[in-house]
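Chemist: Have a look at this one before I ask anything.
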Amino acid sequence: MQINARRGASVTQLSLAELNDIFDPRTALNGLLGRKAAERQDRQAIDRLAVAVDRLTGLAEGSDIDSYTAAVYAAHRLMAEASGNAFLTRLVFFLAHQTLRYTRLALSTPQRRRESARNWRRVLAAIDSGDPAAAPAAAERLSQDSRDAALRLLPRQLRGG
């Protein structure tokens, strides 16, 4: 999707170039969210994130891509809340909306949803332990793995297969 001044939003074609361009800043900002959440140690926010990660684990085995994608979005929102940085949260979710089509594609297989749930467990563990080095690495991996999976699957989708 592209936002145009005074003309609104328009849907763009999925492309490898856009995928790479948009996931680079998203990955960096995810890492910053993870670090801020680990440093802040908001117990209530971390406990809510733990519930969301448990839900992801349960949904990963199912075949409902939309439910899993929505649960990832909710977990991401809770990680952002745990960071305590409202401006950073707005930036991350602006990019989340831009990458939603790619994220959904990346989570389209049960194997990838299981991998995603494991990655979320790593993020939660790093934030919960207050590790300001492990948390950003784990949070960045969420985006990196989504990008990599979308890169593998996008050519097939562009060919119509």
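Chains: A, B, ... in order of the structure tokens. Residues: from 1 per chain. Ligands: from 1, in order shown.
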Which residues are near segment 110-124 of chain A? Cut-off 8 Å, only C-alpha atoms, ignore same chain within fewer than 4 positions. Put them as an MDAnalysis selection string.

Modeler: chainID A and resid 34 46 49:50 53 56:57 60:63 68 106 128 135 138:139 141:142 145 149

Chemist: Generate the output file for the selected residues, all heavy atoms, as a compact mmCIF listing (two decimals), in the first residue's frame.

Modeler:
# COMPACT_ATOMS: atom_id res chain seq x y z
N GLY A 34 12.16 -4.18 21.39
CA GLY A 34 12.59 -5.25 22.29
C GLY A 34 13.53 -4.75 23.37
O GLY A 34 13.39 -5.10 24.54
N ILE A 46 4.52 -7.22 30.49
CA ILE A 46 5.20 -8.48 30.16
C ILE A 46 4.26 -9.66 30.41
O ILE A 46 4.21 -10.60 29.61
CB ILE A 46 6.52 -8.62 30.95
CG1 ILE A 46 7.51 -7.55 30.48
CG2 ILE A 46 7.11 -10.03 30.79
CD1 ILE A 46 8.75 -7.43 31.34
N LEU A 49 1.91 -9.82 27.55
CA LEU A 49 2.63 -10.36 26.39
C LEU A 49 2.76 -11.88 26.51
O LEU A 49 2.60 -12.60 25.52
CB LEU A 49 4.00 -9.70 26.26
CG LEU A 49 4.88 -10.19 25.10
CD1 LEU A 49 4.20 -9.98 23.75
CD2 LEU A 49 6.24 -9.48 25.14
N ALA A 50 3.01 -12.37 27.71
CA ALA A 50 3.12 -13.82 27.92
C ALA A 50 1.82 -14.54 27.55
O ALA A 50 1.85 -15.61 26.92
CB ALA A 50 3.51 -14.12 29.37
N VAL A 53 1.63 -14.62 23.78
CA VAL A 53 2.57 -15.59 23.20
C VAL A 53 2.04 -17.01 23.39
O VAL A 53 2.15 -17.85 22.49
CB VAL A 53 3.98 -15.41 23.79
CG1 VAL A 53 4.91 -16.56 23.39
CG2 VAL A 53 4.56 -14.07 23.33
N LEU A 56 -0.42 -17.49 20.68
CA LEU A 56 0.25 -17.73 19.40
C LEU A 56 0.69 -19.19 19.28
O LEU A 56 0.54 -19.81 18.22
CB LEU A 56 1.49 -16.84 19.27
CG LEU A 56 1.26 -15.40 18.90
CD1 LEU A 56 2.56 -14.61 19.02
CD2 LEU A 56 0.70 -15.28 17.51
N THR A 57 1.21 -19.72 20.35
CA THR A 57 1.67 -21.11 20.34
C THR A 57 0.52 -22.05 20.01
O THR A 57 0.67 -22.97 19.21
CB THR A 57 2.33 -21.46 21.69
OG1 THR A 57 3.42 -20.57 21.90
CG2 THR A 57 2.82 -22.89 21.71
N ALA A 60 -0.57 -21.59 16.27
CA ALA A 60 0.44 -21.95 15.26
C ALA A 60 0.14 -23.29 14.61
O ALA A 60 0.47 -23.50 13.44
CB ALA A 60 1.84 -21.96 15.89
N GLU A 61 -0.47 -24.18 15.34
CA GLU A 61 -0.74 -25.52 14.81
C GLU A 61 -1.94 -25.55 13.88
O GLU A 61 -2.09 -26.45 13.08
CB GLU A 61 -0.96 -26.51 15.96
CG GLU A 61 0.28 -26.75 16.79
CD GLU A 61 1.45 -27.27 15.94
OE1 GLU A 61 1.25 -28.12 15.05
OE2 GLU A 61 2.57 -26.80 16.18
N GLY A 62 -2.82 -24.57 14.00
CA GLY A 62 -4.02 -24.55 13.16
C GLY A 62 -3.72 -24.09 11.75
O GLY A 62 -2.60 -23.73 11.40
N SER A 63 -4.74 -24.09 10.94
CA SER A 63 -4.55 -23.71 9.54
C SER A 63 -5.14 -22.34 9.24
O SER A 63 -5.20 -21.94 8.09
CB SER A 63 -5.18 -24.76 8.63
OG SER A 63 -6.57 -24.85 8.90
N TYR A 68 -3.99 -16.36 13.13
CA TYR A 68 -2.61 -16.30 13.60
C TYR A 68 -2.02 -14.91 13.33
O TYR A 68 -1.37 -14.33 14.19
CB TYR A 68 -1.74 -17.39 12.96
CG TYR A 68 -0.38 -17.43 13.59
CD1 TYR A 68 -0.19 -18.13 14.79
CD2 TYR A 68 0.69 -16.73 13.05
CE1 TYR A 68 1.06 -18.13 15.41
CE2 TYR A 68 1.94 -16.73 13.67
CZ TYR A 68 2.11 -17.43 14.85
OH TYR A 68 3.33 -17.41 15.48
N ALA A 106 4.19 -14.59 4.58
CA ALA A 106 5.26 -15.27 5.31
C ALA A 106 4.73 -16.27 6.33
O ALA A 106 5.41 -17.24 6.66
CB ALA A 106 6.15 -14.25 6.00
N ASP A 128 11.53 -10.67 29.38
CA ASP A 128 11.24 -11.03 30.77
C ASP A 128 12.50 -11.06 31.62
O ASP A 128 12.49 -10.66 32.78
CB ASP A 128 10.55 -12.40 30.79
CG ASP A 128 9.98 -12.73 32.15
OD1 ASP A 128 9.51 -11.82 32.86
OD2 ASP A 128 10.00 -13.93 32.51
N ALA A 135 17.12 -9.22 23.81
CA ALA A 135 15.78 -8.80 23.42
C ALA A 135 15.75 -8.17 22.03
O ALA A 135 14.90 -8.54 21.21
CB ALA A 135 15.19 -7.87 24.47
N ALA A 138 16.32 -10.93 19.37
CA ALA A 138 15.15 -11.80 19.21
C ALA A 138 14.02 -11.06 18.49
O ALA A 138 13.36 -11.62 17.61
CB ALA A 138 14.67 -12.29 20.57
N ALA A 139 13.80 -9.80 18.82
CA ALA A 139 12.74 -9.02 18.18
C ALA A 139 13.06 -8.75 16.71
O ALA A 139 12.18 -8.77 15.86
CB ALA A 139 12.52 -7.71 18.94
N ARG A 141 14.76 -10.73 14.86
CA ARG A 141 14.60 -12.01 14.16
C ARG A 141 13.16 -12.23 13.71
O ARG A 141 12.92 -12.86 12.67
CB ARG A 141 15.07 -13.14 15.06
CG ARG A 141 15.06 -14.47 14.35
CD ARG A 141 15.80 -15.51 15.12
NE ARG A 141 15.67 -16.79 14.43
CZ ARG A 141 16.09 -17.91 14.91
NH1 ARG A 141 16.70 -17.95 16.08
NH2 ARG A 141 15.93 -19.03 14.25
N LEU A 142 12.19 -11.71 14.47
CA LEU A 142 10.79 -11.82 14.05
C LEU A 142 10.62 -11.26 12.65
O LEU A 142 10.02 -11.89 11.78
CB LEU A 142 9.87 -11.06 15.01
CG LEU A 142 9.68 -11.60 16.41
CD1 LEU A 142 8.94 -10.58 17.26
CD2 LEU A 142 8.94 -12.93 16.37
N ASP A 145 12.88 -13.16 9.85
CA ASP A 145 12.33 -14.43 9.41
C ASP A 145 11.10 -14.24 8.54
O ASP A 145 10.88 -14.98 7.57
CB ASP A 145 12.03 -15.34 10.60
CG ASP A 145 13.29 -15.94 11.21
OD1 ASP A 145 14.39 -15.73 10.67
OD2 ASP A 145 13.16 -16.62 12.25
N ALA A 149 10.97 -15.52 4.69
CA ALA A 149 9.91 -16.42 4.23
C ALA A 149 9.14 -15.80 3.07
O ALA A 149 8.84 -16.47 2.08
CB ALA A 149 8.97 -16.77 5.38

Chemist: Tell me, which residues of chain A carry DSSP strand (DSSP E), written as a tab-separated table (two decimals) with N, CA and C atoms, in the first residue's frame?

Modeler:
chain	number	residue	atom	x	y	z
A	2	GLN	N	0.46	2.23	-0.72
A	2	GLN	CA	1.20	3.48	-0.79
A	2	GLN	C	0.27	4.60	-0.35
A	3	ILE	N	0.78	5.48	0.51
A	3	ILE	CA	0.01	6.64	0.98
A	3	ILE	C	0.46	7.84	0.16
A	4	ASN	N	-0.50	8.48	-0.52
A	4	ASN	CA	-0.21	9.63	-1.35
A	4	ASN	C	-0.83	10.88	-0.74
A	8	GLY	N	-4.87	10.00	-0.81
A	8	GLY	CA	-5.22	8.81	-0.05
A	8	GLY	C	-4.29	7.64	-0.32
A	9	ALA	N	-4.79	6.47	-0.02
A	9	ALA	CA	-3.99	5.25	-0.13
A	9	ALA	C	-4.33	4.52	-1.41
A	10	SER	N	-3.35	3.85	-1.96
A	10	SER	CA	-3.58	2.99	-3.12
A	10	SER	C	-2.83	1.69	-2.89

Chemist: With only C-alpha atoms as the basis for distance, which of A:Ala17, A:Ala38, A:Leu33, A:Leu154 is at the shortest distance from Val92 of chain A?

Modeler: A:Leu33

Chemist: Identify all residues of chain A in alpha helix (DSSP H) (DSSP on the backbone) and supply them as a ChimeraX atom specification.

Modeler: /A:16-40,43-60,65-83,86-106,110-129,134-158

Chemist: Using only C-alpha atoms, which residues sit within 12 Å of Ala37 of chain A once same-chain residues fewer than 6 positions away are excluded, as JSON, numbers by chain?

Modeler: {"A": [30, 31, 43, 44, 45, 46, 49, 76, 77, 78, 79, 80, 81, 82, 83, 84, 85, 88, 89, 123, 124, 125, 126, 127, 128, 129, 130, 131, 132, 133, 134, 135, 136, 139]}

Chemist: Take atom CA of Arg55 of chain A and atom CA of Tyr73 of chain A and report the distance between them in Å, one decimal.

Modeler: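 About the pair atom CA of Arg55 of chain A and atom CA of Tyr73 of chain A: they are 12.0 Å apart.
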
Chemist: Can you measure atom CA of Leu91 of chain A to atom CA of Ser15 of chain A for me? One decimal in Å is fine.

Modeler: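 Straight-line distance from atom CA of Leu91 of chain A to atom CA of Ser15 of chain A works out to 21.8 Å.
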